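This is entry-v8.txt. It holds compact mmCIF, C-alpha atoms.
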# COMPACT_ATOMS: atom_id res chain seq x y z
CA MET A 1412 35.69 27.35 70.42
CA PHE A 1413 38.43 27.65 67.77
CA TRP A 1414 40.06 24.40 68.88
CA ARG A 1415 36.68 22.69 69.07
CA ALA A 1416 36.04 23.74 65.46
CA GLU A 1417 39.46 22.41 64.42
CA TYR A 1418 38.74 19.09 66.10
CA LEU A 1419 35.33 18.75 64.47
CA ALA A 1420 36.57 19.59 60.99
CA LEU A 1421 39.86 17.67 61.00
CA ILE A 1422 39.53 14.80 63.46
CA ARG A 1423 35.90 13.93 63.99
CA SER A 1424 35.00 14.12 60.30
CA PRO A 1425 36.06 11.47 57.77
CA PHE A 1426 39.33 12.45 56.15
CA ARG A 1427 38.96 14.50 52.97
CA LEU A 1428 42.06 16.14 51.53
CA ARG A 1429 40.07 19.04 50.08
CA ARG A 1430 38.43 19.87 53.42
CA TRP A 1431 41.76 19.62 55.25
CA CYS A 1432 43.31 22.06 52.77
CA TYR A 1433 40.44 24.53 53.12
CA VAL A 1434 40.36 24.36 56.90
CA LEU A 1435 44.14 24.57 57.33
CA VAL A 1436 44.47 27.50 54.90
CA PHE A 1437 41.61 29.31 56.62
CA SER A 1438 43.06 28.56 60.05
CA GLY A 1439 46.48 29.79 58.98
CA LEU A 1440 45.04 33.05 57.67
CA PHE A 1441 42.95 33.42 60.81
CA VAL A 1442 45.99 33.03 63.07
CA LEU A 1443 48.09 35.34 60.86
CA PHE A 1444 45.55 38.15 60.88
CA LEU A 1445 44.92 37.61 64.58
CA LEU A 1446 48.63 38.11 65.29
CA ILE A 1447 48.72 41.23 63.10
CA VAL A 1448 45.72 42.68 64.91
CA LEU A 1449 47.13 41.81 68.35
CA ILE A 1450 50.37 43.60 67.46
CA GLY A 1451 48.42 46.66 66.34
CA ARG A 1452 46.26 46.67 69.44
CA GLY A 1453 49.38 46.35 71.58
CA LEU A 1454 50.88 49.37 69.82
CA ASP A 1455 47.66 51.25 70.51
CA GLN A 1456 48.22 50.76 74.22
CA LEU A 1457 51.68 52.35 73.88
CA LEU A 1458 51.01 55.09 71.32
CA PHE A 1459 47.32 55.94 71.65
CA GLY A 1460 46.48 54.97 75.21
CA ARG A 1461 43.90 57.76 75.45
CA PHE A 1462 41.50 55.64 73.39
CA ARG A 1463 40.71 53.83 76.67
CA ARG A 1464 38.94 56.98 77.86
CA GLN A 1465 36.90 57.29 74.68
CA ALA A 1466 33.20 57.22 75.49
CA VAL A 1467 30.80 55.13 73.40
CA ASN A 1468 27.65 57.14 74.00
CA ASN A 1469 24.26 56.16 72.60
CA PRO A 1470 25.56 53.82 69.87
CA VAL A 1471 23.11 52.79 67.16
CA PHE A 1472 22.95 49.13 66.18
CA ILE A 1473 21.27 47.95 62.98
CA ILE A 1474 20.51 44.28 63.61
CA ALA A 1475 18.28 41.94 61.63
CA PRO A 1476 18.57 38.48 60.09
CA PRO A 1477 20.66 38.45 56.89
CA ARG A 1478 19.00 39.35 53.59
CA SER A 1479 16.57 41.71 55.30
CA GLY A 1480 17.72 45.04 53.86
CA THR A 1481 20.28 45.97 56.53
CA THR A 1482 22.89 46.93 53.93
CA LEU A 1483 20.56 49.46 52.34
CA LEU A 1484 19.55 50.87 55.72
CA GLN A 1485 23.19 51.24 56.80
CA LYS A 1486 24.08 53.08 53.60
CA LEU A 1487 21.10 55.40 53.99
CA LEU A 1488 21.94 56.28 57.59
CA SER A 1489 25.65 56.62 56.77
CA LEU A 1490 24.74 59.53 54.51
CA ASP A 1491 24.03 61.54 57.67
CA GLU A 1492 27.71 62.32 58.11
CA GLN A 1493 27.13 65.10 60.63
CA ARG A 1494 25.58 62.64 63.07
CA PHE A 1495 27.19 59.24 62.48
CA VAL A 1496 30.55 57.60 62.10
CA HIS A 1497 30.33 54.11 60.60
CA LEU A 1498 32.73 51.25 60.05
CA LYS A 1499 34.29 50.59 56.66
CA MET A 1500 35.50 47.19 55.60
CA TYR A 1501 39.23 47.85 56.04
CA GLN A 1502 38.53 49.26 59.50
CA THR A 1503 36.82 46.04 60.57
CA ILE A 1504 39.73 43.97 59.24
CA PHE A 1505 42.32 46.07 61.09
CA PRO A 1506 40.60 47.24 64.31
CA ALA A 1507 43.58 49.18 65.66
CA VAL A 1508 44.18 52.93 65.78
CA CYS A 1509 47.76 52.64 64.55
CA TYR A 1510 46.76 50.71 61.42
CA GLN A 1511 43.95 53.11 60.59
CA ARG A 1512 46.26 56.09 61.03
CA LEU A 1513 48.78 54.34 58.79
CA CYS A 1514 46.12 53.76 56.14
CA SER A 1515 45.19 57.45 56.23
CA LEU A 1516 48.83 58.40 55.74
CA LEU A 1517 49.20 56.02 52.80
CA VAL A 1518 46.04 57.38 51.17
CA TRP A 1519 47.38 60.91 51.53
CA LEU A 1520 50.73 59.97 49.99
CA ASP A 1521 49.02 58.09 47.17
CA GLY A 1522 46.90 61.15 46.40
CA ARG A 1523 50.02 63.30 46.15
CA LEU A 1524 51.40 60.87 43.56
CA GLY A 1525 48.29 60.81 41.37
CA SER A 1526 46.47 57.95 43.13
CA PRO A 1527 48.14 54.98 41.35
CA CYS A 1528 47.51 52.68 44.31
CA HIS A 1529 43.89 53.78 44.52
CA LYS A 1530 43.32 52.86 40.87
CA LEU A 1531 45.07 49.51 41.27
CA LEU A 1532 43.09 48.73 44.40
CA GLY A 1533 39.85 49.59 42.62
CA TRP A 1534 40.69 47.08 39.91
CA CYS A 1535 41.58 44.45 42.50
CA GLU A 1536 38.34 45.01 44.40
CA LYS A 1537 36.29 44.38 41.28
CA LYS A 1538 38.20 41.15 40.70
CA TRP A 1539 37.94 40.03 44.35
CA PHE A 1540 34.43 41.16 45.23
CA GLY A 1541 32.74 41.92 41.90
CA GLY A 1542 31.00 38.57 41.76
CA TRP A 1543 29.10 39.48 44.93
CA ASP A 1544 27.89 42.90 43.74
CA ASP A 1545 24.35 41.71 43.04
CA LEU A 1546 24.10 40.17 46.51
CA HIS A 1547 26.14 42.44 48.74
CA LYS A 1548 28.49 45.00 47.22
CA MET A 1549 31.76 45.00 49.13
CA ARG A 1550 34.56 47.56 48.87
CA LEU A 1551 37.32 48.21 51.37
CA ASN A 1552 36.37 51.88 51.78
CA GLN A 1553 32.59 51.48 51.93
CA PRO A 1554 30.27 50.94 54.92
CA GLU A 1555 30.39 47.33 56.07
CA GLU A 1556 29.18 45.06 58.81
CA ASP A 1557 31.37 44.90 61.88
CA ASP A 1558 31.16 41.09 61.91
CA ALA A 1559 34.90 40.91 61.22
CA LEU A 1560 35.49 42.37 64.68
CA PHE A 1561 33.81 39.32 66.20
CA LEU A 1562 35.71 37.04 63.83
CA TYR A 1563 38.90 37.59 65.82
CA ALA A 1564 37.10 36.48 68.99
CA PHE A 1565 35.56 33.60 66.98
CA PRO A 1566 31.86 33.80 67.97
CA ILE A 1567 30.51 34.70 64.53
CA GLY A 1568 28.36 32.72 62.14
CA GLY A 1569 30.78 33.30 59.28
CA HIS A 1570 33.07 30.62 60.68
CA LEU A 1571 30.28 28.12 60.11
CA SER A 1572 30.83 28.42 56.36
CA VAL A 1573 34.20 26.69 56.72
CA VAL A 1574 33.37 24.46 59.68
CA SER A 1575 29.90 23.17 58.89
CA PHE A 1576 28.97 21.94 62.37
CA ILE A 1577 26.17 24.31 63.22
CA ASN A 1578 24.68 22.49 66.21
CA GLU A 1579 28.07 21.67 67.77
CA LEU A 1580 29.21 25.31 67.41
CA TRP A 1581 25.86 26.93 68.16
CA GLU A 1582 27.43 29.67 70.28
CA ALA A 1583 29.39 30.88 67.24
CA GLY A 1584 26.14 32.04 65.69
CA PHE A 1585 24.31 32.68 68.95
CA PRO A 1586 26.67 34.36 71.46
CA ASP A 1587 23.81 35.13 73.85
CA SER A 1588 23.89 31.41 74.70
CA LEU A 1589 27.49 31.67 75.95
CA GLN A 1590 28.25 31.45 79.64
CA LEU A 1591 27.64 34.88 81.19
CA SER A 1592 31.32 35.44 82.02
CA LYS A 1593 32.38 34.62 78.46
CA ARG A 1594 29.65 36.76 76.97
CA ARG A 1595 30.70 39.73 79.07
CA ARG A 1596 34.33 39.23 78.12
CA LEU A 1597 33.31 39.16 74.45
CA MET A 1598 31.38 42.41 74.85
CA ARG A 1599 34.27 44.11 76.63
CA TYR A 1600 36.48 43.22 73.69
CA TYR A 1601 33.85 44.59 71.32
CA ARG A 1602 33.63 47.84 73.30
CA SER A 1603 37.40 48.26 73.00
CA CYS A 1604 37.06 47.93 69.22
CA LEU A 1605 34.39 50.63 69.11
CA GLN A 1606 36.44 52.89 71.38
CA ARG A 1607 39.39 52.63 69.01
CA HIS A 1608 37.20 53.32 66.01
CA LEU A 1609 35.58 56.41 67.52
CA TYR A 1610 38.90 57.70 68.82
CA ALA A 1611 40.45 57.46 65.34
CA ASN A 1612 37.52 58.49 63.17
CA GLY A 1613 34.96 60.59 65.03
CA PRO A 1614 35.26 60.95 68.81
CA ASN A 1615 32.30 63.35 69.02
CA LYS A 1616 29.96 61.46 66.71
CA THR A 1617 27.48 58.65 67.23
CA LEU A 1618 28.70 55.16 66.40
CA LEU A 1619 26.60 53.48 63.70
CA SER A 1620 27.03 49.71 63.60
CA LYS A 1621 25.43 47.11 61.36
CA ALA A 1622 25.80 43.40 62.05
CA THR A 1623 23.34 40.75 60.92
CA GLN A 1624 25.25 38.12 62.90
CA SER A 1625 24.47 40.10 66.06
CA SER A 1626 20.89 38.85 65.85
CA GLY A 1627 22.06 36.30 68.41
CA SER A 1628 23.94 38.89 70.52
CA VAL A 1629 21.35 41.54 71.30
CA GLU A 1630 21.06 40.68 75.00
CA GLY A 1631 24.82 40.96 75.46
CA LEU A 1632 24.87 44.25 73.55
CA LEU A 1633 22.08 45.71 75.67
CA GLU A 1634 23.87 44.72 78.86
CA GLU A 1635 27.15 46.28 77.69
CA PHE A 1636 25.54 49.36 76.09
CA PRO A 1637 22.35 50.13 78.06
CA ASP A 1638 22.00 53.52 76.32
CA ALA A 1639 22.14 51.99 72.82
CA THR A 1640 19.48 52.38 70.15
CA PHE A 1641 18.44 49.22 68.30
CA ILE A 1642 17.01 49.35 64.79
CA THR A 1643 15.78 46.12 63.27
CA ILE A 1644 14.04 45.11 60.06
CA VAL A 1645 11.38 42.45 59.68
CA ARG A 1646 11.06 40.73 56.32
CA ASP A 1647 9.15 37.75 54.99
CA PRO A 1648 11.15 34.76 56.36
CA TYR A 1649 9.99 32.53 53.52
CA ARG A 1650 12.35 34.46 51.26
CA SER A 1651 15.09 35.70 53.57
CA VAL A 1652 15.85 32.31 55.16
CA ALA A 1653 16.24 30.64 51.76
CA SER A 1654 18.37 33.51 50.48
CA HIS A 1655 20.60 33.36 53.54
CA VAL A 1656 21.18 29.60 53.37
CA SER A 1657 21.99 29.93 49.67
CA LEU A 1658 25.03 32.07 50.50
CA PHE A 1659 26.60 29.28 52.57
CA VAL A 1660 25.84 26.24 50.43
CA PRO A 1661 28.44 26.98 47.70
CA VAL A 1662 31.16 27.39 50.36
CA TRP A 1663 30.22 24.15 52.09
CA GLN A 1664 30.22 22.29 48.79
CA ALA A 1665 33.59 23.80 47.81
CA HIS A 1666 35.36 22.08 50.71
CA SER A 1667 32.91 19.20 51.21
CA PRO A 1668 31.21 18.15 47.95
CA ASP A 1669 29.25 15.50 49.86
CA ILE A 1670 27.18 18.25 51.54
CA VAL A 1671 23.97 18.44 49.52
CA ARG A 1672 21.78 21.51 49.12
CA ASN A 1673 18.80 19.94 50.85
CA GLY A 1674 20.75 18.02 53.49
CA PRO A 1675 21.02 18.26 57.30
CA VAL A 1676 23.68 21.00 57.24
CA ALA A 1677 21.46 23.41 55.31
CA LYS A 1678 18.52 22.57 57.57
CA ALA A 1679 20.60 23.16 60.70
CA TYR A 1680 21.68 26.56 59.42
CA ALA A 1681 18.07 27.40 58.57
CA ARG A 1682 17.22 26.53 62.18
CA LEU A 1683 19.81 29.09 63.33
CA ALA A 1684 18.28 31.73 61.06
CA VAL A 1685 14.82 30.97 62.43
CA GLU A 1686 16.06 31.26 66.02
CA TRP A 1687 17.44 34.71 65.19
CA TYR A 1688 13.94 35.79 64.16
CA LYS A 1689 12.52 34.49 67.44
CA HIS A 1690 15.29 36.04 69.52
CA LEU A 1691 14.84 39.49 67.99
CA PHE A 1692 11.07 39.28 68.32
CA ALA A 1693 11.35 38.52 72.04
CA PHE A 1694 14.03 41.19 72.47
CA ARG A 1695 11.59 43.98 71.62
CA ASN A 1696 10.06 43.55 75.10
CA GLN A 1697 13.42 43.89 76.86
CA VAL A 1698 14.52 47.24 75.47
CA ASN A 1699 13.21 50.75 76.11
CA PRO A 1700 10.63 51.50 73.36
CA GLN A 1701 12.21 54.95 72.97
CA ARG A 1702 15.43 53.24 71.92
CA TYR A 1703 13.96 50.58 69.67
CA TYR A 1704 12.49 50.78 66.19
CA CYS A 1705 11.36 48.00 63.86
CA ILE A 1706 11.20 48.78 60.14
CA ASP A 1707 8.90 46.85 57.84
CA TYR A 1708 10.90 45.65 54.85
CA ARG A 1709 8.05 46.49 52.51
CA ASN A 1710 8.08 50.15 53.55
CA LEU A 1711 11.85 50.37 53.24
CA ALA A 1712 11.73 48.83 49.76
CA ARG A 1713 8.84 51.02 48.63
CA ASN A 1714 10.04 54.38 49.90
CA PRO A 1715 13.44 54.54 51.69
CA ARG A 1716 13.29 58.31 52.27
CA GLU A 1717 9.89 58.22 53.94
CA THR A 1718 10.95 55.24 56.07
CA ILE A 1719 14.04 57.07 57.34
CA GLU A 1720 11.98 60.16 58.12
CA ARG A 1721 9.63 58.07 60.27
CA LEU A 1722 12.60 56.49 62.03
CA TYR A 1723 14.10 59.90 62.82
CA HIS A 1724 10.76 61.17 64.09
CA HIS A 1725 10.39 58.19 66.45
CA LEU A 1726 13.90 58.64 67.85
CA GLY A 1727 13.61 62.44 68.11
CA TRP A 1728 16.38 63.17 65.59
CA SER A 1729 16.34 66.09 63.19
CA ILE A 1730 17.03 65.80 59.45
CA THR A 1731 19.10 68.49 57.77
CA ASP A 1732 18.23 69.72 54.29
CA GLY A 1733 21.47 68.30 52.95
CA TYR A 1734 20.76 64.86 54.33
CA ARG A 1735 17.18 64.96 53.04
CA ALA A 1736 18.48 65.66 49.53
CA LYS A 1737 20.88 62.69 49.78
CA LEU A 1738 18.01 60.47 50.89
CA GLU A 1739 15.91 61.50 47.92
CA ALA A 1740 18.75 60.71 45.50
CA ALA A 1741 19.32 57.34 47.17
CA THR A 1742 15.60 56.56 46.93
CA GLN A 1743 15.64 57.15 43.18
CA ARG A 1744 18.63 54.83 42.76
CA GLN A 1745 16.98 52.15 44.85
CA ARG A 1746 13.87 52.16 42.70
CA GLU A 1747 16.00 51.35 39.67
CA PHE A 1748 17.67 48.33 41.31
CA LYS A 1749 16.50 44.79 40.57
CA SER A 1750 17.95 41.82 42.43
CA LYS A 1751 18.83 38.62 40.59
CA HIS A 1752 19.28 36.63 43.80
CA GLU A 1753 16.17 34.46 44.13
CA TYR A 1754 15.93 31.08 45.85
CA THR A 1755 13.16 28.87 47.21
CA LEU A 1756 12.92 27.01 50.50
CA GLU A 1757 12.35 23.72 48.72
CA GLU A 1758 15.87 23.85 47.23
CA PHE A 1759 17.25 23.35 50.72
CA GLY A 1760 14.83 20.74 51.97
CA LEU A 1761 12.69 23.32 53.77
CA SER A 1762 9.03 24.21 53.46
CA ARG A 1763 6.69 27.13 53.99
CA GLU A 1764 4.74 24.98 56.44
CA TRP A 1765 7.83 24.54 58.63
CA ILE A 1766 8.62 28.27 58.55
CA ARG A 1767 5.01 29.05 59.35
CA GLN A 1768 4.98 26.61 62.26
CA GLU A 1769 8.22 27.99 63.72
CA LEU A 1770 7.54 31.70 63.18
CA ALA A 1771 3.77 31.96 63.34
CA GLU A 1772 3.91 34.61 66.08
CA VAL A 1773 6.31 36.81 64.11
CA ILE A 1774 4.46 36.36 60.81
CA ASP A 1775 1.09 37.19 62.36
CA ALA A 1776 2.38 40.14 64.39
CA TYR A 1777 3.75 41.89 61.31
CA LYS A 1778 1.20 40.49 58.82
CA LEU A 1779 4.03 39.06 56.73
CA ASP A 1780 1.72 36.63 54.95
CA SER A 1781 0.41 39.59 52.98
CA GLU A 1782 3.91 40.12 51.60
CA ILE A 1783 3.77 36.69 49.97
CA ARG A 1784 0.66 37.69 48.04
CA HIS A 1785 2.23 40.94 46.86
CA GLN A 1786 5.95 40.15 46.75
CA SER A 1787 6.00 40.32 42.93
CA LYS A 1788 5.02 43.99 43.26
CA SER A 1789 7.66 44.80 45.90
CA PRO A 1790 11.05 46.02 44.61
CA ALA A 1791 14.10 44.13 45.80
CA LEU A 1792 16.58 45.53 48.25
CA LYS A 1793 20.15 46.26 47.29

Show how you would write the structure in this file as structure tokens.
Amino acid sequence: MFWRAEYLALIRSPFRLRRWCYVLVFSGLFVLFLLIVLIGRGLDQLLFGRFRRQAVNNPVFIIAPPRSGTTLLQKLLSLDEQRFVHLKMYQTIFPAVCYQRLCSLLVWLDGRLGSPCHKLLGWCEKKWFGGWDDLHKMRLNQPEEDDALFLYAFPIGGHLSVVSFINELWEAGFPDSLQLSKRRRLMRYYRSCLQRHLYANGPNKTLLSKATQSSGSVEGLLEEFPDATFITIVRDPYRSVASHVSLFVPVWQAHSPDIVRNGPVAKAYARLAVEWYKHLFAFRNQVNPQRYYCIDYRNLARNPRETIERLYHHLGWSITDGYRAKLEAATQRQREFKSKHEYTLEEFGLSREWIRQELAEVIDAYKLDSEIRHQSKSPALK
């Protein structure tokens, strides 16, 4: 799939120096980080071979189409530190026990010296990621999606921001459409990543994973982790699809200015987002109801604490007093947040009629049309 993407971007497309530079720089970084990770994973086999016996029992996967509130839900659940161990950004970039142990050692040494590196890194993070804070706050030591784990195996929608051939690389955003043998190999690799993470960070805890891109991977995940719990969020697709496409358009236009906002590339990516909605809606009938829970975005936005309490009740989990207090504080902060990220379908050549036609079953099942009439009263999700 990597070589197919290279061919599409560099050979099949008309020559554009800017696109060649973007693709080659990205490809070089991809290969460099892949080699670094392979070296670390090889060292794991020599130094921490016991990770192979690490069980991944009852993992919890937060999966929903992007811009549906998954970041907020992950942060809320991550506050239950007695139950869960989650993935932080740096841990998804370097999915090897030896690198994570090295990072822990460096943090300890930095603390002994007055934390100069920590302060410098904090400044760098604001410069690197600060522009995204209103959309999706990213910090190396905060909870993050585990999409970067799939990046090294290539099937991940993020690659489609650099190589804008959505239909030709459909499996990158929809791994459940891969050949069964390839899908199983992908999931075995993913399991090895989770084993390493649990071994290094919480061998007796429950793995909490959040990955919007896994909306097209749920069947493979269920096959690999039959005891997993799946938590999804349903949100008005009229807003979330437009918001999602808007994240990719600036990247496409950076390397290919001829890609217009309302052109075929944006429409193809919107099609992928719509298929994720359909796939997750059908998936609810394939998983044990005791291990599946769908959260209504409106409830999560209105009262996060109450929504989490209902989730815990459904799954038979108990809430400690300490965790309940953290949830209440987080709920107060959420009520004060206002998003500035607003886009319309029409900007990208899409329409409400098309969304309605494609997702009528989902919209009617969850009465999402009522959200359109009251969306001005519903607080935004951080």

Skipping near chain neighbours, those fewer than 5 positions away, what residues fall within 10 Å of range 1504-1518 of chain A using only C-alpha atoms, listed as an MDAnalysis selection string?
chainID A and resid 1444:1445 1447:1456 1458:1460 1462 1498:1499 1523:1524 1526 1528:1529 1551 1557:1560 1562:1563 1603:1612

With distances taken over only C-alpha atoms, which of A:Ser1572, A:Asn1673, A:Thr1617, A:Gln1465 is nearest to Ser1762 in chain A?
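Counting only C-alpha atoms, the residue closest to Ser1762 in chain A is A:Asn1673.
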
Taking only C-alpha atoms into account, which of A:Leu1488, A:Trp1581, A:Gly1522, A:Lys1537 comes nearest Leu1722 in chain A?
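For Leu1722 in chain A, the nearest of the given residues is A:Leu1488.
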
Within 9 Å of (22.6, 31.6, 67.4) in the file's own coordinates, which protein, DNA or RNA residues have an atom, counting only C-alpha atoms? List them as a ChimeraX atom specification.
/A:1567-1568,1581-1588,1624-1628,1683-1684,1686-1687,1690

Could you check which residues have any atom within 10 Å of (29.3, 24.1, 55.5), counting all atoms listed in the file with coordinates taken straight from the file, and then list them as a list in words?
His1570, Leu1571, Ser1572, Val1573, Val1574, Ser1575, Phe1576, Ile1577, Phe1659, Val1660, Pro1661, Val1662, Trp1663, Gln1664, Ala1665, His1666, Ser1667, Pro1668, Ile1670, Val1671, Val1676, Ala1677 and Tyr1680 of chain A

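Of the listed residues A:Ser1654, A:Thr1623, A:Gln1493, A:Ser1424, the one whose atoms come nearest to Gly1733 in chain A is A:Gln1493, with distances taken using only C-alpha atoms.
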
Would you list the contacts of Ser1479 in chain A as a list in words, taking every protein, DNA or RNA residue within 7 Å and counting all atoms listed in the file, but skipping same-chain residues closer than 3 positions in sequence?
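The residues that qualify are Ala1475, Pro1476, Ile1644, Val1645, Arg1646, Ser1651 and Tyr1708 of chain A.
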
Residues of range 1565-1652 of chain A within 8 Å of range 1466-1473 of chain A: nearest atom pair and distance (Å, one decimal) for each, counting all atoms listed in the file, sorted by chain and number, as a tab-separated table?
residue	atom	partner	partner_atom	distance
A:Arg1602	CA	A:Val1467	CA	7.8
A:Leu1605	CA	A:Val1467	CA	7.2
A:Gln1606	CA	A:Val1467	CA	6.4
A:Leu1609	CA	A:Val1467	CA	7.7
A:Pro1614	CA	A:Ala1466	CA	7.9
A:Thr1617	CA	A:Pro1470	CA	5.8
A:Leu1618	CA	A:Pro1470	CA	4.9
A:Leu1619	CA	A:Val1471	CA	5.0
A:Ser1620	CA	A:Phe1472	CA	4.9
A:Lys1621	CA	A:Ile1473	CA	4.5
A:Ala1622	CA	A:Ile1473	CA	6.5
A:Thr1623	CA	A:Ile1473	CA	7.8
A:Phe1636	CA	A:Pro1470	CA	7.7
A:Asp1638	CA	A:Asn1469	CA	5.1
A:Ala1639	CA	A:Asn1469	CA	4.7
A:Thr1640	CA	A:Val1471	CA	4.7
A:Phe1641	CA	A:Phe1472	CA	5.0
A:Ile1642	CA	A:Ile1473	CA	4.8
A:Thr1643	CA	A:Ile1473	CA	5.8

Please complete range 1683-1697 of chain A with N, CA, C and O atoms and give it back as a PDB file, in the coordinates of the input.
ATOM      1  N   LEU A1683      19.145  27.951  62.703  1.00  0.00           N
ATOM      2  CA  LEU A1683      19.810  29.090  63.330  1.00  0.00           C
ATOM      3  C   LEU A1683      19.172  30.392  62.885  1.00  0.00           C
ATOM      4  O   LEU A1683      18.908  31.290  63.706  1.00  0.00           O
ATOM      5  N   ALA A1684      18.906  30.520  61.583  1.00  0.00           N
ATOM      6  CA  ALA A1684      18.280  31.730  61.060  1.00  0.00           C
ATOM      7  C   ALA A1684      16.903  31.948  61.675  1.00  0.00           C
ATOM      8  O   ALA A1684      16.522  33.078  62.009  1.00  0.00           O
ATOM      9  N   VAL A1685      16.152  30.879  61.834  1.00  0.00           N
ATOM     10  CA  VAL A1685      14.820  30.970  62.430  1.00  0.00           C
ATOM     11  C   VAL A1685      14.918  31.405  63.896  1.00  0.00           C
ATOM     12  O   VAL A1685      14.117  32.224  64.373  1.00  0.00           O
ATOM     13  N   GLU A1686      15.893  30.882  64.615  1.00  0.00           N
ATOM     14  CA  GLU A1686      16.060  31.260  66.020  1.00  0.00           C
ATOM     15  C   GLU A1686      16.432  32.731  66.146  1.00  0.00           C
ATOM     16  O   GLU A1686      16.094  33.376  67.147  1.00  0.00           O
ATOM     17  N   TRP A1687      17.146  33.274  65.168  1.00  0.00           N
ATOM     18  CA  TRP A1687      17.440  34.710  65.190  1.00  0.00           C
ATOM     19  C   TRP A1687      16.153  35.521  65.117  1.00  0.00           C
ATOM     20  O   TRP A1687      15.999  36.518  65.827  1.00  0.00           O
ATOM     21  N   TYR A1688      15.234  35.102  64.251  1.00  0.00           N
ATOM     22  CA  TYR A1688      13.940  35.790  64.160  1.00  0.00           C
ATOM     23  C   TYR A1688      13.245  35.778  65.522  1.00  0.00           C
ATOM     24  O   TYR A1688      12.737  36.800  65.995  1.00  0.00           O
ATOM     25  N   LYS A1689      13.198  34.613  66.151  1.00  0.00           N
ATOM     26  CA  LYS A1689      12.520  34.490  67.440  1.00  0.00           C
ATOM     27  C   LYS A1689      13.207  35.353  68.505  1.00  0.00           C
ATOM     28  O   LYS A1689      12.533  36.008  69.315  1.00  0.00           O
ATOM     29  N   HIS A1690      14.526  35.320  68.505  1.00  0.00           N
ATOM     30  CA  HIS A1690      15.290  36.040  69.520  1.00  0.00           C
ATOM     31  C   HIS A1690      15.049  37.547  69.402  1.00  0.00           C
ATOM     32  O   HIS A1690      14.838  38.236  70.411  1.00  0.00           O
ATOM     33  N   LEU A1691      15.062  38.060  68.190  1.00  0.00           N
ATOM     34  CA  LEU A1691      14.840  39.490  67.990  1.00  0.00           C
ATOM     35  C   LEU A1691      13.402  39.878  68.317  1.00  0.00           C
ATOM     36  O   LEU A1691      13.148  40.967  68.850  1.00  0.00           O
ATOM     37  N   PHE A1692      12.470  38.987  68.024  1.00  0.00           N
ATOM     38  CA  PHE A1692      11.070  39.280  68.320  1.00  0.00           C
ATOM     39  C   PHE A1692      10.850  39.369  69.829  1.00  0.00           C
ATOM     40  O   PHE A1692      10.137  40.263  70.315  1.00  0.00           O
ATOM     41  N   ALA A1693      11.470  38.473  70.580  1.00  0.00           N
ATOM     42  CA  ALA A1693      11.350  38.520  72.040  1.00  0.00           C
ATOM     43  C   ALA A1693      12.098  39.711  72.621  1.00  0.00           C
ATOM     44  O   ALA A1693      11.685  40.278  73.638  1.00  0.00           O
ATOM     45  N   PHE A1694      13.184  40.109  71.964  1.00  0.00           N
ATOM     46  CA  PHE A1694      14.030  41.190  72.470  1.00  0.00           C
ATOM     47  C   PHE A1694      13.287  42.518  72.524  1.00  0.00           C
ATOM     48  O   PHE A1694      13.597  43.378  73.363  1.00  0.00           O
ATOM     49  N   ARG A1695      12.293  42.698  71.666  1.00  0.00           N
ATOM     50  CA  ARG A1695      11.590  43.980  71.620  1.00  0.00           C
ATOM     51  C   ARG A1695      10.951  44.323  72.953  1.00  0.00           C
ATOM     52  O   ARG A1695      10.699  45.511  73.244  1.00  0.00           O
ATOM     53  N   ASN A1696      10.679  43.323  73.790  1.00  0.00           N
ATOM     54  CA  ASN A1696      10.060  43.550  75.100  1.00  0.00           C
ATOM     55  C   ASN A1696      11.090  43.820  76.191  1.00  0.00           C
ATOM     56  O   ASN A1696      10.717  44.113  77.323  1.00  0.00           O
ATOM     57  N   GLN A1697      12.369  43.698  75.864  1.00  0.00           N
ATOM     58  CA  GLN A1697      13.420  43.890  76.860  1.00  0.00           C
ATOM     59  C   GLN A1697      14.070  45.266  76.796  1.00  0.00           C
ATOM     60  O   GLN A1697      14.779  45.662  77.709  1.00  0.00           O
TER      61      GLN A1697
END
